[in-house]
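Listing of work.txt; format and content: compact mmCIF, C-alpha atoms.
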```txt
# COMPACT_ATOMS: atom_id res chain seq x y z
CA MET H 20 79.75 101.06 81.00
CA GLU H 21 76.03 100.37 81.01
CA ALA H 22 76.73 96.94 82.51
CA LEU H 23 78.45 98.56 85.52
CA LYS H 24 75.57 100.99 85.99
CA ALA H 25 73.03 98.16 85.84
CA TRP H 26 75.04 96.21 88.42
CA ILE H 27 75.21 99.21 90.75
CA ARG H 28 71.51 99.96 90.29
CA GLU H 29 70.53 96.34 91.04
CA GLN H 30 72.93 95.52 93.87
CA GLY H 31 73.86 98.86 95.40
CA ILE H 32 71.96 99.83 98.54
CA VAL H 33 71.17 103.52 99.00
CA LEU H 34 71.72 104.39 102.66
CA GLY H 35 71.21 108.12 102.29
CA PRO H 36 71.61 110.93 99.79
CA GLU H 37 75.42 110.68 100.13
CA PHE H 38 76.03 107.03 100.99
CA LEU H 39 75.77 104.01 98.73
CA ARG H 40 76.55 100.54 100.03
CA VAL H 41 78.46 98.47 97.48
CA ASP H 42 80.25 96.12 99.84
CA GLY H 43 78.45 93.07 98.40
CA PHE H 44 80.38 93.30 95.12
CA LEU H 45 83.06 96.02 95.24
CA ASN H 46 84.69 96.78 98.57
CA HIS H 47 84.14 93.97 101.05
CA ARG H 48 82.98 90.97 99.08
CA ILE H 49 84.59 91.33 95.67
CA ASN H 50 82.94 90.18 92.46
CA PRO H 51 85.74 89.50 89.95
CA GLU H 52 83.47 90.12 86.94
CA PHE H 53 82.55 93.59 88.24
CA VAL H 54 86.21 94.38 88.94
CA GLN H 55 87.21 93.20 85.44
CA LEU H 56 84.60 95.49 83.85
CA ALA H 57 85.70 98.46 85.95
CA GLY H 58 89.40 97.84 85.32
CA GLN H 59 88.75 97.48 81.61
CA GLY H 60 86.79 100.74 81.51
CA LEU H 61 89.52 102.71 83.27
CA ALA H 62 92.28 101.11 81.18
CA LEU H 63 90.44 101.98 77.95
CA ALA H 64 89.99 105.58 79.10
CA TYR H 65 93.74 105.95 79.75
CA ALA H 66 95.19 103.57 77.16
CA ASP H 67 97.01 106.35 75.28
CA ARG H 68 98.35 108.27 78.29
CA GLY H 69 101.57 106.29 78.92
CA ILE H 70 100.59 105.22 82.44
CA SER H 71 103.42 103.44 84.28
CA CYS H 72 101.88 103.37 87.77
CA VAL H 73 98.34 103.20 89.17
CA LEU H 74 98.04 104.64 92.69
CA THR H 75 95.19 104.17 95.15
CA ALA H 76 94.50 104.35 98.88
CA GLU H 77 94.23 101.23 101.01
CA ALA H 78 91.92 99.24 100.81
CA ALA H 79 88.75 99.62 98.73
CA GLY H 80 90.59 100.85 95.66
CA ASN H 81 93.20 98.09 95.70
CA VAL H 82 91.44 95.59 93.45
CA ILE H 83 90.34 98.26 90.98
CA ALA H 84 93.86 99.71 90.84
CA TYR H 85 95.36 96.26 90.36
CA GLU H 86 93.00 95.40 87.51
CA ALA H 87 93.48 98.76 85.77
CA ALA H 88 97.28 98.46 86.17
CA ARG H 89 97.28 94.91 84.83
CA ARG H 90 95.39 95.99 81.74
CA LEU H 91 97.63 99.05 81.24
CA GLY H 92 100.86 97.08 81.69
CA ALA H 93 101.69 99.26 84.69
CA SER H 94 102.51 98.65 88.34
CA ALA H 95 99.98 99.20 91.12
CA VAL H 96 100.87 101.00 94.34
CA TYR H 97 98.60 101.65 97.28
CA ALA H 98 99.02 104.26 99.97
CA LYS H 99 98.98 102.51 103.31
CA LYS H 100 96.82 103.69 106.18
CA GLY H 101 99.55 103.85 108.75
CA GLN H 102 103.32 103.55 108.46
CA ALA H 103 104.80 100.12 108.93
CA VAL H 104 108.05 99.95 110.93
CA THR H 105 109.67 98.52 107.80
CA MET H 106 108.68 101.54 105.65
CA SER H 107 111.26 104.26 105.25
CA ASN H 108 111.63 107.13 102.80
CA ALA H 109 107.88 107.76 102.90
CA VAL H 110 105.67 110.72 102.11
CA SER H 111 102.40 111.12 103.99
CA ARG H 112 99.14 113.02 104.07
CA ARG H 113 96.41 113.26 106.66
CA ILE H 114 92.88 112.88 105.33
CA HIS H 115 89.37 112.74 106.73
CA SER H 116 87.42 109.57 105.89
CA PRO H 117 83.76 110.46 105.25
CA THR H 118 82.62 106.83 105.61
CA LYS H 119 84.54 106.21 108.85
CA GLY H 120 84.26 109.73 110.24
CA ILE H 121 87.89 109.78 111.37
CA GLN H 122 91.25 111.29 110.41
CA GLN H 123 93.70 108.88 108.80
CA HIS H 124 97.29 109.07 107.62
CA LEU H 125 98.25 107.75 104.19
CA PHE H 126 101.85 106.73 103.47
CA VAL H 127 103.65 105.97 100.21
CA CYS H 128 107.24 104.84 100.03
CA ARG H 129 109.35 106.86 97.58
CA ASP H 130 111.10 103.60 96.66
CA TYR H 131 107.94 102.58 94.75
CA LEU H 132 106.79 105.93 93.40
CA GLY H 133 109.25 108.43 92.05
CA PRO H 134 110.56 110.54 89.19
CA GLY H 135 109.74 109.28 85.72
CA GLU H 136 106.47 107.64 86.74
CA ARG H 137 103.28 108.65 84.90
CA VAL H 138 100.62 108.04 87.51
CA LEU H 139 96.92 107.37 87.32
CA VAL H 140 95.14 107.84 90.67
CA VAL H 141 92.28 105.35 90.99
CA ASP H 142 89.62 104.73 93.62
CA ASP H 143 86.25 103.08 94.00
CA PHE H 144 84.41 106.37 94.71
CA LEU H 145 84.83 110.03 93.93
CA HIS H 146 82.97 111.75 96.75
CA ARG H 147 84.53 114.93 98.11
CA GLY H 148 87.89 114.47 96.38
CA THR H 149 90.01 114.72 99.52
CA THR H 150 91.65 111.30 99.29
CA SER H 151 92.43 111.58 95.58
CA SER H 152 93.70 115.12 96.02
CA ALA H 153 96.03 113.93 98.79
CA LEU H 154 97.28 111.09 96.57
CA ALA H 155 97.93 113.53 93.72
CA ASP H 156 99.92 115.77 96.06
CA MET H 157 101.94 112.73 97.12
CA VAL H 158 102.70 111.93 93.47
CA ALA H 159 104.09 115.43 93.02
CA GLU H 160 106.13 115.23 96.23
CA CYS H 161 107.65 111.95 95.05
CA GLY H 162 108.59 113.53 91.71
CA GLY H 163 106.07 111.60 89.61
CA GLU H 164 103.80 113.06 86.94
CA LEU H 165 100.06 112.92 87.49
CA ALA H 166 98.34 111.74 84.29
CA GLY H 167 94.73 111.53 85.50
CA PHE H 168 92.12 110.29 87.93
CA GLY H 169 89.83 107.28 87.48
CA PHE H 170 86.84 106.23 89.55
CA VAL H 171 84.27 103.49 89.38
CA ILE H 172 81.49 105.60 90.95
CA GLU H 173 81.22 109.37 91.24
CA LYS H 174 78.73 111.07 93.55
CA CYS H 175 78.30 114.16 91.36
CA ALA H 176 76.49 116.27 93.97
CA SER H 177 79.38 115.98 96.46
CA GLY H 178 81.72 118.35 94.62
CA GLY H 179 84.72 116.04 94.37
CA ARG H 180 85.32 116.74 90.69
CA SER H 181 85.68 120.47 91.34
CA VAL H 182 88.28 119.75 94.05
CA LEU H 183 90.36 117.83 91.49
CA GLU H 184 90.18 120.54 88.80
CA ARG H 185 93.28 122.25 90.22
CA PHE H 186 95.41 119.37 88.91
CA ALA H 187 94.41 120.07 85.26
CA VAL H 188 94.33 116.39 84.26
CA PRO H 189 91.45 114.21 83.01
CA VAL H 190 88.94 112.88 85.55
CA VAL H 191 87.06 109.74 84.45
CA ALA H 192 84.13 108.24 86.34
CA LEU H 193 82.58 105.10 84.89
CA ALA H 194 79.28 105.42 86.77
CA PRO H 195 78.55 109.06 87.68
CA ILE H 196 75.55 109.26 90.01
CA SER H 197 73.49 112.44 89.89
CA ARG H 198 71.02 111.50 92.62
CA MET H 199 70.23 108.76 95.14
CA ASP H 200 66.87 108.47 96.87
CA PRO H 201 67.02 106.60 100.19
CA GLU H 202 63.20 106.41 100.36
CA SER H 203 62.78 104.46 97.13
CA GLY H 204 66.34 103.14 96.84
CA THR H 205 66.64 104.51 93.31
CA ILE H 206 69.89 105.64 91.75
CA ALA H 207 69.95 108.14 88.88
CA PHE H 208 73.05 108.28 86.73
CA ALA H 209 74.29 111.44 85.04
CA ALA H 210 74.07 111.48 81.26
```

Representation of the structure as C-alpha cells:
Amino acid sequence: MEALKAWIREQGIVLGPEFLRVDGFLNHRINPEFVQLAGQGLALAYADRGISCVLTAEAAGNVIAYEAARRLGASAVYAKKGQAVTMSNAVSRRIHSPTKGIQQHLFVCRDYLGPGERVLVVDDFLHRGTTSSALADMVAECGGELAGFGFVIEKCASGGRSVLERFAVPVVALAPISRMDPESGTIAFAA
C-alpha cells in the first residue's frame, strides 16, 4: 500500500492535527486509480473471510465500498443520511459528524441487510470510530454477522481503533497516519 501512502502524502492537504483534506482524489473529486488501489487492498485483506456484503455510510465511503465489494464478489450497501419516504423496515442510528460538526441519522433498510450476511464495514477514514461503531451495531440489529472493518486512512491518534475493539473483529487500515503537521504539511505514517 506504499502507492496509496505516496498519493496521500503528495496530494493530501493537512488542515490541522486532526483534519486531512483528500477531496481532490477520494471524497469529492474521485480518482478511479486511487479507488481501485484502495478497493484492491481491502479486498485482499478480507479475501478469506467470506464477505457477502460491504456496508458504508453515505457518501464518502460509497466508492470505496463499491470497489471492495466488486473485488470480493459481494454486494455493497450504504447507510443513508436521512430516511426516504420510500424506505420502510429500517434500522437507524444517530451519529455526530466530526467534519460537519452536526448530528446525523443513518438508516439501513433490513430488506438489504439481514440474517446470513457476513458484513465488512468500510469507510474512507477511521477517526473516532463513531460512524463505524454505529454501522456495526446496525449490522447486529439486522441479524447480520460483522466480519471486520476496513479503512483507507486511519488517524491513529484519534482513538477510533480502540472504540472498535469491543466488536472483536479485524480492523484494517491501508494508510495509518501517526502524525500530521499543519505547519509543514507533512504526514507521517505508522509503521

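Between Thr150 of chain H and the candidates H:Gly162, H:Pro201, H:Gly80, H:Gly133, the tightest atom-to-atom separation, counting only C-alpha atoms, involves H:Gly80.
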
Report, in Å with one decimal, the straight-line distance from atom CA of Ala88 of chain H to atom CA of Leu154 of chain H. 16.4 Å

Taken to one decimal, the atom CA of Arg40 of chain H-atom CA of Glu173 of chain H distance is 13.3 Å

Please, what distance in Å, to one decimal, runs between atom CA of Val140 of chain H and atom CA of Ile83 of chain H? 10.7 Å

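When only C-alpha atoms are used to measure the gap to Ala57 of chain H, the shortest distance among H:Gly204, H:Gly169, H:Gly31, H:Gly101 belongs to H:Gly169.
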
Show me, as a PyMOL selection string, the residues that have an atom within 10 Å of Arg28 of chain H when counting only C-alpha atoms, minus same-chain residues fewer than 2 positions from it. chain H and resi 22-26+30-33+204-208

Close residues, Ser151 of chain H itself excluded, 8 Å, all atoms listed in the file, min 3 positions apart in chain, as a PDB file with C-alpha atoms, in the coordinates of the input:
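Result saved to out28.pdb:
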```pdb
ATOM      1  CA  THR H  75      95.190 104.170  95.150  1.00  0.00           C
ATOM      2  CA  VAL H 140      95.140 107.840  90.670  1.00  0.00           C
ATOM      3  CA  VAL H 141      92.280 105.350  90.990  1.00  0.00           C
ATOM      4  CA  ASP H 142      89.620 104.730  93.620  1.00  0.00           C
ATOM      5  CA  LEU H 145      84.830 110.030  93.930  1.00  0.00           C
ATOM      6  CA  GLY H 148      87.890 114.470  96.380  1.00  0.00           C
ATOM      7  CA  LEU H 154      97.280 111.090  96.570  1.00  0.00           C
ATOM      8  CA  ALA H 155      97.930 113.530  93.720  1.00  0.00           C
ATOM      9  CA  PHE H 168      92.120 110.290  87.930  1.00  0.00           C
ATOM     10  CA  LEU H 183      90.360 117.830  91.490  1.00  0.00           C
TER      11      LEU H 183
END
```

Fewer than 3 positions away in the same chain doesn't count, so skip those; otherwise give me all residues within 12 Å of Asp130 of chain H, counting all atoms listed in the file, as a PDB file with C-alpha atoms, keeping the file's coordinate frame.
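Output saved as selection-v8.pdb:
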```pdb
ATOM      1  CA  VAL H  96     100.870 101.000  94.340  1.00  0.00           C
ATOM      2  CA  MET H 106     108.680 101.540 105.650  1.00  0.00           C
ATOM      3  CA  SER H 107     111.260 104.260 105.250  1.00  0.00           C
ATOM      4  CA  ASN H 108     111.630 107.130 102.800  1.00  0.00           C
ATOM      5  CA  ALA H 109     107.880 107.760 102.900  1.00  0.00           C
ATOM      6  CA  VAL H 110     105.670 110.720 102.110  1.00  0.00           C
ATOM      7  CA  PHE H 126     101.850 106.730 103.470  1.00  0.00           C
ATOM      8  CA  VAL H 127     103.650 105.970 100.210  1.00  0.00           C
ATOM      9  CA  GLY H 133     109.250 108.430  92.050  1.00  0.00           C
ATOM     10  CA  PRO H 134     110.560 110.540  89.190  1.00  0.00           C
ATOM     11  CA  GLU H 136     106.470 107.640  86.740  1.00  0.00           C
ATOM     12  CA  CYS H 161     107.650 111.950  95.050  1.00  0.00           C
ATOM     13  CA  GLY H 162     108.590 113.530  91.710  1.00  0.00           C
ATOM     14  CA  GLY H 163     106.070 111.600  89.610  1.00  0.00           C
TER      15      GLY H 163
END
```

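Remark: for Ser116 of chain H, the closest of the candidate residues H:Thr149, H:Phe53, H:Glu184, H:Tyr65 is H:Thr149 (distances computed over all atoms listed in the file).
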
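Considering the residues H:Ala153, H:Phe186, H:Ala76, H:Val171 and counting only C-alpha atoms, Val54 of chain H has its shortest atom-to-atom contact with H:Val171.
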
C-alpha atoms of segment 50-74 of chain H from block above, as an mmCIF file, in the first residue's frame:
```cif
data_model
loop_
_atom_site.group_PDB
_atom_site.id
_atom_site.type_symbol
_atom_site.label_atom_id
_atom_site.label_comp_id
_atom_site.auth_asym_id
_atom_site.auth_seq_id
_atom_site.Cartn_x
_atom_site.Cartn_y
_atom_site.Cartn_z
ATOM 1 C CA ASN H 50 -9.642 9.383 -8.889
ATOM 2 C CA PRO H 51 -10.544 5.906 -10.190
ATOM 3 C CA GLU H 52 -6.940 4.663 -9.952
ATOM 4 C CA PHE H 53 -6.763 5.587 -6.256
ATOM 5 C CA VAL H 54 -10.133 3.927 -5.602
ATOM 6 C CA GLN H 55 -9.013 0.774 -7.442
ATOM 7 C CA LEU H 56 -5.866 0.553 -5.303
ATOM 8 C CA ALA H 57 -7.827 1.080 -2.090
ATOM 9 C CA GLY H 58 -10.533 -1.419 -3.052
ATOM 10 C CA GLN H 59 -7.907 -3.963 -4.014
ATOM 11 C CA GLY H 60 -6.087 -3.526 -0.705
ATOM 12 C CA LEU H 61 -9.237 -4.019 1.356
ATOM 13 C CA ALA H 62 -10.387 -6.969 -0.764
ATOM 14 C CA LEU H 63 -7.005 -8.676 -0.352
ATOM 15 C CA ALA H 64 -7.124 -8.162 3.413
ATOM 16 C CA TYR H 65 -10.558 -9.827 3.641
ATOM 17 C CA ALA H 66 -10.383 -12.300 0.745
ATOM 18 C CA ASP H 67 -10.678 -15.348 3.023
ATOM 19 C CA ARG H 68 -13.403 -14.040 5.356
ATOM 20 C CA GLY H 69 -16.493 -14.998 3.298
ATOM 21 C CA ILE H 70 -17.747 -11.420 2.934
ATOM 22 C CA SER H 71 -21.192 -11.224 1.318
ATOM 23 C CA CYS H 72 -21.916 -7.531 1.963
ATOM 24 C CA VAL H 73 -19.820 -4.368 2.287
ATOM 25 C CA LEU H 74 -21.514 -1.640 4.333
#
```
